[in-house]
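Undergrad: Data file run-v1.pdb (PDB, C-alpha atoms) is appended below.
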```pdb
MODEL        1
ATOM      1  CA  MET A  94     -32.868   9.294 -56.330
ATOM      2  CA  GLN A  95     -32.612  10.410 -59.956
ATOM      3  CA  LYS A  96     -29.086  10.769 -61.251
ATOM      4  CA  GLU A  97     -28.207  14.145 -62.728
ATOM      5  CA  ALA A  98     -27.173  14.159 -66.367
ATOM      6  CA  SER A  99     -23.489  14.845 -66.885
ATOM      7  CA  ALA A 100     -22.303  17.664 -69.110
ATOM      8  CA  GLU A 101     -19.086  18.371 -70.917
ATOM      9  CA  PRO A 102     -16.857  20.965 -69.185
ATOM     10  CA  GLY A 103     -17.619  24.436 -70.463
ATOM     11  CA  ALA A 104     -20.686  23.281 -72.399
ATOM     12  CA  ASP A 105     -22.583  26.449 -71.447
ATOM     13  CA  ARG A 106     -20.001  28.834 -72.873
ATOM     14  CA  ILE A 107     -21.358  28.837 -76.410
ATOM     15  CA  GLU A 108     -24.907  28.499 -77.667
ATOM     16  CA  LYS A 109     -26.305  26.124 -80.264
ATOM     17  CA  ILE A 110     -26.685  27.551 -83.742
ATOM     18  CA  ASP A 111     -30.186  28.815 -84.549
ATOM     19  CA  PRO A 112     -31.702  26.523 -87.261
ATOM     20  CA  ARG A 113     -32.630  29.627 -89.275
ATOM     21  CA  PHE A 114     -28.959  30.102 -90.028
ATOM     22  CA  LEU A 115     -28.305  26.701 -91.544
ATOM     23  CA  THR A 116     -28.114  28.113 -95.076
ATOM     24  CA  THR A 117     -24.936  29.993 -94.104
ATOM     25  CA  LEU A 118     -23.754  27.599 -91.443
ATOM     26  CA  ARG A 119     -20.025  27.995 -91.991
ATOM     27  CA  ASP A 120     -20.142  31.761 -91.493
ATOM     28  CA  HIS A 121     -22.283  31.513 -88.383
ATOM     29  CA  VAL A 122     -20.089  28.839 -86.817
ATOM     30  CA  HIS A 123     -17.033  30.980 -87.514
ATOM     31  CA  LYS A 124     -18.684  34.078 -86.028
ATOM     32  CA  THR A 125     -19.920  32.171 -82.970
ATOM     33  CA  LEU A 126     -16.519  30.674 -82.184
ATOM     34  CA  ARG A 127     -14.719  33.943 -82.858
ATOM     35  CA  THR A 128     -17.066  35.825 -80.534
ATOM     36  CA  ALA A 129     -16.538  33.207 -77.817
ATOM     37  CA  ILE A 130     -12.758  33.530 -78.119
ATOM     38  CA  LEU A 131     -12.722  37.327 -78.183
ATOM     39  CA  SER A 132     -15.082  37.501 -75.205
ATOM     40  CA  GLY A 133     -12.627  35.483 -73.124
ATOM     41  CA  ARG A 134     -14.741  32.326 -72.849
ATOM     42  CA  PHE A 135     -11.680  30.246 -73.711
ATOM     43  CA  ALA A 136      -8.407  30.556 -71.818
ATOM     44  CA  PRO A 137      -5.148  31.331 -73.634
ATOM     45  CA  ASP A 138      -3.420  28.084 -74.678
ATOM     46  CA  GLU A 139      -6.590  26.089 -73.966
ATOM     47  CA  ARG A 140      -6.980  23.065 -76.225
ATOM     48  CA  VAL A 141     -10.310  22.863 -78.073
ATOM     49  CA  ASN A 142     -11.834  19.632 -79.313
ATOM     50  CA  GLU A 143     -13.598  19.680 -82.681
ATOM     51  CA  ARG A 144     -16.076  16.956 -81.741
ATOM     52  CA  GLN A 145     -17.028  18.638 -78.465
ATOM     53  CA  LEU A 146     -17.476  21.983 -80.223
ATOM     54  CA  ALA A 147     -19.692  20.307 -82.819
ATOM     55  CA  GLU A 148     -21.859  18.783 -80.080
ATOM     56  CA  GLN A 149     -22.126  22.066 -78.195
ATOM     57  CA  LEU A 150     -23.131  23.973 -81.329
ATOM     58  CA  GLY A 151     -25.391  21.229 -82.647
ATOM     59  CA  VAL A 152     -23.580  20.912 -85.979
ATOM     60  CA  SER A 153     -21.296  18.433 -87.744
ATOM     61  CA  THR A 154     -17.517  18.670 -87.484
ATOM     62  CA  THR A 155     -17.172  19.931 -91.078
ATOM     63  CA  PRO A 156     -18.133  23.600 -90.423
ATOM     64  CA  ILE A 157     -16.118  23.424 -87.190
ATOM     65  CA  LYS A 158     -12.992  22.442 -89.128
ATOM     66  CA  GLU A 159     -13.613  25.196 -91.680
ATOM     67  CA  ALA A 160     -14.166  27.804 -88.962
ATOM     68  CA  LEU A 161     -11.012  26.777 -87.099
ATOM     69  CA  ARG A 162      -8.978  27.055 -90.295
ATOM     70  CA  GLN A 163     -10.268  30.585 -90.778
ATOM     71  CA  LEU A 164      -9.601  31.461 -87.142
ATOM     72  CA  GLU A 165      -6.054  30.178 -87.589
ATOM     73  CA  THR A 166      -5.463  32.569 -90.498
ATOM     74  CA  GLU A 167      -6.594  35.358 -88.136
ATOM     75  CA  GLY A 168      -4.079  34.209 -85.528
ATOM     76  CA  LEU A 169      -6.695  33.402 -82.900
ATOM     77  CA  VAL A 170      -5.971  29.654 -82.811
ATOM     78  CA  GLU A 171      -3.053  27.430 -83.805
ATOM     79  CA  THR A 172      -2.953  23.790 -84.857
ATOM     80  CA  LEU A 173       0.059  21.904 -83.496
ATOM     81  CA  PRO A 174       1.133  18.311 -84.260
ATOM     82  CA  ARG A 175      -0.026  15.869 -81.580
ATOM     83  CA  ARG A 176      -1.454  18.733 -79.518
ATOM     84  CA  GLY A 177      -4.478  19.708 -81.592
ATOM     85  CA  VAL A 178      -5.995  23.188 -81.796
ATOM     86  CA  LEU A 179      -4.912  25.709 -79.148
ATOM     87  CA  ILE A 180      -6.346  29.128 -78.354
ATOM     88  CA  ARG A 181      -3.732  31.803 -79.070
ATOM     89  CA  PHE A 182      -5.770  34.916 -78.260
ATOM     90  CA  ASN A 183      -4.404  36.413 -75.036
ATOM     91  CA  ALA A 184      -3.938  39.740 -73.231
ATOM     92  CA  GLY A 185      -0.829  40.583 -75.245
ATOM     93  CA  TRP A 186      -2.623  39.977 -78.545
ATOM     94  CA  ALA A 187      -5.582  42.074 -77.372
ATOM     95  CA  GLU A 188      -3.270  44.883 -76.260
ATOM     96  CA  GLU A 189      -1.606  45.065 -79.682
ATOM     97  CA  MET A 190      -5.001  45.052 -81.373
ATOM     98  CA  ILE A 191      -6.207  47.925 -79.191
ATOM     99  CA  LEU A 192      -3.115  50.013 -79.907
ATOM    100  CA  ALA A 193      -3.405  49.372 -83.652
ATOM    101  CA  ARG A 194      -7.046  50.372 -83.609
ATOM    102  CA  ALA A 195      -6.302  53.496 -81.557
ATOM    103  CA  ALA A 196      -3.671  54.606 -84.083
ATOM    104  CA  LEU A 197      -5.937  54.048 -87.087
ATOM    105  CA  GLU A 198      -9.110  55.514 -85.576
ATOM    106  CA  SER A 199      -7.288  58.609 -84.303
ATOM    107  CA  MET A 200      -5.862  59.411 -87.735
ATOM    108  CA  ILE A 201      -9.247  58.856 -89.370
ATOM    109  CA  ALA A 202     -10.807  61.244 -86.832
ATOM    110  CA  HIS A 203      -8.062  63.785 -87.598
ATOM    111  CA  LEU A 204      -8.916  63.701 -91.299
ATOM    112  CA  ALA A 205     -12.680  63.661 -90.650
ATOM    113  CA  ALA A 206     -12.323  66.961 -88.754
ATOM    114  CA  LYS A 207     -10.668  68.467 -91.832
ATOM    115  CA  ARG A 208     -13.058  67.059 -94.430
ATOM    116  CA  ILE A 209     -16.523  66.808 -92.836
ATOM    117  CA  ASP A 210     -19.289  68.819 -94.506
ATOM    118  CA  ARG A 211     -22.364  70.409 -92.952
ATOM    119  CA  SER A 212     -24.707  67.544 -93.791
ATOM    120  CA  GLU A 213     -22.351  64.973 -92.307
ATOM    121  CA  ALA A 214     -21.890  67.109 -89.200
ATOM    122  CA  GLY A 215     -25.654  67.200 -88.672
ATOM    123  CA  LYS A 216     -25.857  63.428 -89.040
ATOM    124  CA  LEU A 217     -23.081  62.975 -86.476
ATOM    125  CA  GLU A 218     -24.966  65.182 -84.018
ATOM    126  CA  ASP A 219     -28.097  63.079 -84.595
ATOM    127  CA  ILE A 220     -26.180  59.866 -83.872
ATOM    128  CA  VAL A 221     -24.839  61.281 -80.597
ATOM    129  CA  ALA A 222     -28.384  62.293 -79.601
ATOM    130  CA  LEU A 223     -29.568  58.723 -80.211
ATOM    131  CA  MET A 224     -26.620  57.402 -78.192
ATOM    132  CA  ARG A 225     -27.564  59.677 -75.323
ATOM    133  CA  LYS A 226     -31.134  58.352 -75.345
ATOM    134  CA  ALA A 227     -29.968  54.717 -75.491
ATOM    135  CA  THR A 228     -27.544  55.378 -72.626
ATOM    136  CA  GLU A 229     -30.304  56.886 -70.492
ATOM    137  CA  ASP A 230     -32.552  53.912 -71.267
ATOM    138  CA  GLY A 231     -29.749  51.405 -70.625
ATOM    139  CA  ILE A 232     -30.328  49.594 -73.931
ATOM    140  CA  ALA A 233     -26.971  47.908 -74.566
ATOM    141  CA  ASP A 234     -27.896  46.395 -77.941
ATOM    142  CA  ASP A 235     -28.922  49.798 -79.295
ATOM    143  CA  LEU A 236     -25.676  51.303 -78.015
ATOM    144  CA  ILE A 237     -23.601  48.623 -79.714
ATOM    145  CA  SER A 238     -25.339  49.293 -83.025
ATOM    146  CA  LEU A 239     -25.067  53.071 -82.615
ATOM    147  CA  ASN A 240     -21.403  52.761 -81.661
ATOM    148  CA  GLU A 241     -20.727  51.008 -84.951
ATOM    149  CA  THR A 242     -22.770  53.627 -86.814
ATOM    150  CA  PHE A 243     -20.853  56.437 -85.081
ATOM    151  CA  HIS A 244     -17.452  55.142 -86.138
ATOM    152  CA  GLU A 245     -18.649  54.229 -89.634
ATOM    153  CA  HIS A 246     -19.975  57.760 -90.135
ATOM    154  CA  ILE A 247     -16.631  59.225 -89.090
ATOM    155  CA  HIS A 248     -14.933  56.924 -91.597
ATOM    156  CA  ILE A 249     -17.269  58.190 -94.320
ATOM    157  CA  ALA A 250     -16.725  61.827 -93.345
ATOM    158  CA  SER A 251     -12.947  61.329 -93.392
ATOM    159  CA  ARG A 252     -13.071  60.219 -97.051
ATOM    160  CA  CYS A 253     -10.181  57.909 -96.240
ATOM    161  CA  GLN A 254      -9.444  55.083 -98.635
ATOM    162  CA  TYR A 255      -6.234  53.419 -97.486
ATOM    163  CA  LEU A 256      -6.885  53.859 -93.755
ATOM    164  CA  SER A 257     -10.485  52.685 -94.119
ATOM    165  CA  ARG A 258      -9.306  49.485 -95.776
ATOM    166  CA  MET A 259      -6.808  48.936 -92.965
ATOM    167  CA  ILE A 260      -9.432  49.435 -90.252
ATOM    168  CA  GLU A 261     -11.683  46.850 -91.904
ATOM    169  CA  ARG A 262      -9.196  44.176 -90.857
ATOM    170  CA  GLN A 263      -9.970  45.038 -87.234
ATOM    171  CA  GLN A 264     -13.746  45.246 -87.536
ATOM    172  CA  PHE A 265     -14.333  41.619 -86.597
ATOM    173  CA  TYR A 266     -13.168  42.350 -83.044
ATOM    174  CA  ASP A 267     -15.548  45.220 -82.380
ATOM    175  CA  ALA A 268     -18.916  43.612 -81.659
ATOM    176  CA  SER A 269     -17.432  41.242 -79.080
ATOM    177  CA  ILE A 270     -15.448  43.963 -77.360
ATOM    178  CA  ARG A 271     -18.342  46.390 -77.309
ATOM    179  CA  ARG A 272     -20.740  43.839 -75.866
ATOM    180  CA  VAL A 273     -18.346  43.180 -72.981
ATOM    181  CA  ILE A 274     -17.733  46.872 -72.382
ATOM    182  CA  HIS A 275     -21.376  47.995 -72.572
ATOM    183  CA  SER A 276     -22.385  45.460 -69.931
ATOM    184  CA  ASP A 277     -21.131  48.019 -67.386
ATOM    185  CA  PRO A 278     -23.500  50.985 -66.730
ATOM    186  CA  LEU A 279     -20.626  53.235 -65.578
ATOM    187  CA  GLU A 280     -18.729  52.460 -68.753
ATOM    188  CA  ARG A 281     -21.770  53.401 -70.841
ATOM    189  CA  GLY A 282     -21.778  56.870 -69.267
ATOM    190  CA  LYS A 283     -18.060  57.378 -69.849
ATOM    191  CA  ALA A 284     -18.366  56.213 -73.452
ATOM    192  CA  LEU A 285     -21.192  58.678 -74.119
ATOM    193  CA  ALA A 286     -19.136  61.609 -72.833
ATOM    194  CA  GLU A 287     -16.167  60.535 -74.955
ATOM    195  CA  HIS A 288     -18.248  60.067 -78.095
ATOM    196  CA  ALA A 289     -19.800  63.504 -77.588
ATOM    197  CA  ALA A 290     -16.318  65.042 -77.235
ATOM    198  CA  ILE A 291     -15.094  63.293 -80.377
ATOM    199  CA  ALA A 292     -18.103  64.505 -82.342
ATOM    200  CA  ALA A 293     -17.721  68.069 -81.073
ATOM    201  CA  ALA A 294     -14.057  68.177 -82.074
ATOM    202  CA  ILE A 295     -14.767  66.832 -85.546
ATOM    203  CA  ILE A 296     -17.729  69.146 -86.138
ATOM    204  CA  SER A 297     -15.657  72.174 -85.039
ATOM    205  CA  ASN A 298     -12.863  71.129 -87.428
ATOM    206  CA  ASP A 299     -10.362  70.768 -84.564
ATOM    207  CA  SER A 300      -8.318  67.976 -86.121
ATOM    208  CA  ASP A 301      -5.648  67.772 -83.404
ATOM    209  CA  LYS A 302      -8.231  67.486 -80.636
ATOM    210  CA  ALA A 303     -10.293  64.991 -82.624
ATOM    211  CA  GLU A 304      -7.192  62.818 -83.041
ATOM    212  CA  ARG A 305      -6.338  63.041 -79.331
ATOM    213  CA  VAL A 306      -9.782  62.373 -77.879
ATOM    214  CA  MET A 307     -10.382  59.483 -80.289
ATOM    215  CA  ARG A 308      -7.127  57.817 -79.320
ATOM    216  CA  ASP A 309      -7.810  58.337 -75.605
ATOM    217  CA  HIS A 310     -11.290  56.846 -76.032
ATOM    218  CA  VAL A 311     -10.111  53.712 -77.851
ATOM    219  CA  VAL A 312      -7.245  53.144 -75.390
ATOM    220  CA  ARG A 313      -9.396  53.653 -72.297
ATOM    221  CA  SER A 314     -12.115  51.369 -73.651
ATOM    222  CA  GLY A 315      -9.377  48.847 -74.374
ATOM    223  CA  GLU A 316      -8.153  48.998 -70.787
ATOM    224  CA  THR A 317     -11.686  48.298 -69.608
ATOM    225  CA  TYR A 318     -11.921  45.349 -71.976
ATOM    226  CA  LEU A 319      -8.592  43.904 -70.778
ATOM    227  CA  ASN A 320      -9.710  44.271 -67.178
ATOM    228  CA  ILE A 321     -13.034  42.529 -67.787
ATOM    229  CA  VAL A 322     -11.858  39.723 -70.083
ATOM    230  CA  PHE A 323      -8.410  39.008 -68.673
ATOM    231  CA  LYS A 324      -9.119  40.079 -65.076
ATOM    232  CA  LYS A 325      -6.357  42.626 -65.026
ATOM    233  CA  LYS A 326      -5.665  46.214 -65.906
ATOM    234  CA  GLU A 327      -2.848  47.217 -68.215
ATOM    235  CA  ASP A 328      -1.441  50.652 -68.955
ATOM    236  CA  ILE A 329      -1.388  50.676 -72.694
TER     237      ILE A 329
ENDMDL
END
```
Could you write out this file's structure as structure tokens?

TA:
Amino acid sequence: MQKEASAEPGADRIEKIDPRFLTTLRDHVHKTLRTAILSGRFAPDERVNERQLAEQLGVSTTPIKEALRQLETEGLVETLPRRGVLIRFNAGWAEEMILARAALESMIAHLAAKRIDRSEAGKLEDIVALMRKATEDGIADDLISLNETFHEHIHIASRCQYLSRMIERQQFYDASIRRVIHSDPLERGKALAEHAAIAAAIISNDSDKAERVMRDHVVRSGETYLNIVFKKKEDI
């Protein structure tokens, strides 16, 4: 009887790097590892091995070391003497990130409702229409892209400078979180209704409502994310 080939534990959690990306290998390794961490594929306090990660990604250890150093500056991992590299991203970290994002996005929405012009309002309506079509078709990738476009357009309409720079520090979490959230068809429907309400409040220049519905949307989406990734629900 033929013996099955052995595999390293967790070897299927991250994919090998596409050879097309070798010209910017460091960035792609960093993005791949960051996405894996933020999607909950590594447990909090789990020790990661550079050589195993290199084998799983099909790269040398050099870009792995560089990516881990960058992830450490972001607080997602920590290097400890004699213990190696440990995952530090956990439910508490995610909760703080969600609350920070809710505060920033809600204030940006508040200002967007005050400052949006007619052309920008029409564009926001068009984006919501595209989101509705993607939701009906169940195309998660399109929804993720449109979600980013929706929030970016609100940032533009708000004409914020300081707040926009602050929110950029949180952008690297979004794609991972949205991919997890949009895997649920019920969540996609809720998100559409919330995005439509946010857009309506901004277009009607109701700044207080825009602030409130944006915050509620980010917090509720965050609760869904915590429940999916960390297998629990938190009231945040």

Undergrad: Interatomic distance between atom CA of Ile247 of chain A and atom CA of Ile201 of chain A?

TA: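 Going from atom CA of Ile247 of chain A over to atom CA of Ile201 of chain A, I get 7.4 Å.
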
Undergrad: One decimal, in Å: what's the spacing between atom CA of Ile209 of chain A and atom CA of Glu280 of chain A?

TA: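 Result for atom CA of Ile209 of chain A versus atom CA of Glu280 of chain A: 28.1 Å, one decimal.
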
Undergrad: I need the residue nearest Gly315 of chain A from this list: A:Ala303, A:Leu192, A:Cys253, A:Ala284. Use only C-alpha atoms for the distance.

TA: A:Leu192

Undergrad: Have a look at A:His288, A:Arg225, A:Arg181, A:His203 and name the one nearest to Glu241 of chain A; count all atoms listed in the file.

TA: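 Counting all atoms listed in the file, the residue closest to Glu241 of chain A is A:His288.
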
Undergrad: Calculated over all atoms listed in the file, which of the candidates A:Leu131, A:Ala136, A:Ala286, A:Met190 has the smallest distance to Met307 of chain A?

TA: A:Ala286

Undergrad: Could you list, as a ChimeraX atom specification, every residue within 8 Å of segment 226-239 of chain A, counting only C-alpha atoms and ignoring same-chain residues fewer than 3 positions away?

TA: /A:220,222-223,242-243,268,271-272,275-276,278,281-282,285

Undergrad: Any chance you could work out the residue set of the PyMOL selection byres ((chain A and resi 259) around 12) here, as a list of chain:residue names?

TA: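 The output of the PyMOL selection byres ((chain A and resi 259) around 12) on this file is A:Ala193, A:Arg194, A:Ala196, A:Leu197, A:Glu198, A:Met200, A:Ile201, A:His248, A:Cys253, A:Gln254, A:Tyr255, A:Leu256, A:Ser257, A:Arg258, A:Ile260, A:Glu261, A:Arg262, A:Gln263, A:Gln264.
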
Undergrad: Residues within 8 Å of Arg134 of chain A, please, as a PyMOL selection string. Count all atoms listed in the file; anything in the same chain fewer than 4 positions from it doesn't count.

TA: chain A and resi 106+129-130

Undergrad: With N, CA and C atoms as the goal, would you fill in the gaps in segment 163-191 of chain A and present it as a JSON list (two decimals), in the frame of the given file?

TA:
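Okay, part-v1.json is ready:
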```json
[["chain", "number", "residue", "atom", "x", "y", "z"],
["A", 163, "GLN", "N", -10.18, 29.14, -90.58],
["A", 163, "GLN", "CA", -10.27, 30.58, -90.78],
["A", 163, "GLN", "C", -9.75, 31.34, -89.55],
["A", 164, "LEU", "N", -10.08, 30.84, -88.38],
["A", 164, "LEU", "CA", -9.60, 31.46, -87.14],
["A", 164, "LEU", "C", -8.08, 31.38, -87.04],
["A", 165, "GLU", "N", -7.51, 30.32, -87.61],
["A", 165, "GLU", "CA", -6.05, 30.18, -87.59],
["A", 165, "GLU", "C", -5.40, 31.23, -88.48],
["A", 166, "THR", "N", -6.02, 31.52, -89.62],
["A", 166, "THR", "CA", -5.46, 32.57, -90.50],
["A", 166, "THR", "C", -5.53, 33.93, -89.82],
["A", 167, "GLU", "N", -6.47, 34.11, -88.88],
["A", 167, "GLU", "CA", -6.59, 35.36, -88.14],
["A", 167, "GLU", "C", -5.66, 35.39, -86.93],
["A", 168, "GLY", "N", -5.01, 34.27, -86.64],
["A", 168, "GLY", "CA", -4.08, 34.21, -85.53],
["A", 168, "GLY", "C", -4.71, 33.90, -84.19],
["A", 169, "LEU", "N", -6.01, 33.62, -84.16],
["A", 169, "LEU", "CA", -6.70, 33.40, -82.90],
["A", 169, "LEU", "C", -6.51, 31.99, -82.36],
["A", 170, "VAL", "N", -6.25, 31.03, -83.23],
["A", 170, "VAL", "CA", -5.97, 29.65, -82.81],
["A", 170, "VAL", "C", -4.76, 29.16, -83.59],
["A", 171, "GLU", "N", -4.19, 28.04, -83.12],
["A", 171, "GLU", "CA", -3.05, 27.43, -83.80],
["A", 171, "GLU", "C", -3.18, 25.91, -83.72],
["A", 172, "THR", "N", -2.94, 25.25, -84.82],
["A", 172, "THR", "CA", -2.95, 23.79, -84.86],
["A", 172, "THR", "C", -1.52, 23.27, -84.75],
["A", 173, "LEU", "N", -1.28, 22.44, -83.73],
["A", 173, "LEU", "CA", 0.06, 21.90, -83.50],
["A", 173, "LEU", "C", 0.03, 20.38, -83.60],
["A", 174, "PRO", "N", 1.07, 19.78, -84.17],
["A", 174, "PRO", "CA", 1.13, 18.31, -84.26],
["A", 174, "PRO", "C", 1.04, 17.66, -82.89],
["A", 175, "ARG", "N", 0.18, 16.67, -82.80],
["A", 175, "ARG", "CA", -0.03, 15.87, -81.58],
["A", 175, "ARG", "C", -0.60, 16.66, -80.40],
["A", 176, "ARG", "N", -0.87, 17.93, -80.59],
["A", 176, "ARG", "CA", -1.45, 18.73, -79.52],
["A", 176, "ARG", "C", -2.84, 19.24, -79.88],
["A", 177, "GLY", "N", -3.16, 19.26, -81.16],
["A", 177, "GLY", "CA", -4.48, 19.71, -81.59],
["A", 177, "GLY", "C", -4.54, 21.22, -81.76],
["A", 178, "VAL", "N", -5.75, 21.76, -81.59],
["A", 178, "VAL", "CA", -6.00, 23.19, -81.80],
["A", 178, "VAL", "C", -5.94, 23.91, -80.46],
["A", 179, "LEU", "N", -5.08, 24.94, -80.38],
["A", 179, "LEU", "CA", -4.91, 25.71, -79.15],
["A", 179, "LEU", "C", -5.36, 27.15, -79.35],
["A", 180, "ILE", "N", -5.95, 27.72, -78.32],
["A", 180, "ILE", "CA", -6.35, 29.13, -78.35],
["A", 180, "ILE", "C", -5.10, 29.99, -78.20],
["A", 181, "ARG", "N", -4.90, 30.93, -79.12],
["A", 181, "ARG", "CA", -3.73, 31.80, -79.07],
["A", 181, "ARG", "C", -4.08, 33.24, -78.71],
["A", 182, "PHE", "N", -5.37, 33.56, -78.64],
["A", 182, "PHE", "CA", -5.77, 34.92, -78.26],
["A", 182, "PHE", "C", -5.49, 35.10, -76.78],
["A", 183, "ASN", "N", -4.75, 36.16, -76.43],
["A", 183, "ASN", "CA", -4.40, 36.41, -75.04],
["A", 183, "ASN", "C", -4.34, 37.92, -74.79],
["A", 184, "ALA", "N", -3.96, 38.32, -73.58],
["A", 184, "ALA", "CA", -3.94, 39.74, -73.23],
["A", 184, "ALA", "C", -2.95, 40.52, -74.10],
["A", 185, "GLY", "N", -1.81, 39.91, -74.41],
["A", 185, "GLY", "CA", -0.83, 40.58, -75.24],
["A", 185, "GLY", "C", -1.35, 40.84, -76.64],
["A", 186, "TRP", "N", -2.03, 39.83, -77.22],
["A", 186, "TRP", "CA", -2.62, 39.98, -78.54],
["A", 186, "TRP", "C", -3.67, 41.10, -78.52],
["A", 187, "ALA", "N", -4.53, 41.07, -77.49],
["A", 187, "ALA", "CA", -5.58, 42.07, -77.37],
["A", 187, "ALA", "C", -4.99, 43.47, -77.22],
["A", 188, "GLU", "N", -3.91, 43.59, -76.47],
["A", 188, "GLU", "CA", -3.27, 44.88, -76.26],
["A", 188, "GLU", "C", -2.75, 45.45, -77.58],
["A", 189, "GLU", "N", -2.11, 44.61, -78.39],
["A", 189, "GLU", "CA", -1.61, 45.06, -79.68],
["A", 189, "GLU", "C", -2.76, 45.49, -80.59],
["A", 190, "MET", "N", -3.84, 44.72, -80.56],
["A", 190, "MET", "CA", -5.00, 45.05, -81.37],
["A", 190, "MET", "C", -5.59, 46.41, -80.97],
["A", 191, "ILE", "N", -5.65, 46.67, -79.68],
["A", 191, "ILE", "CA", -6.21, 47.92, -79.19],
["A", 191, "ILE", "C", -5.33, 49.11, -79.62]]
```
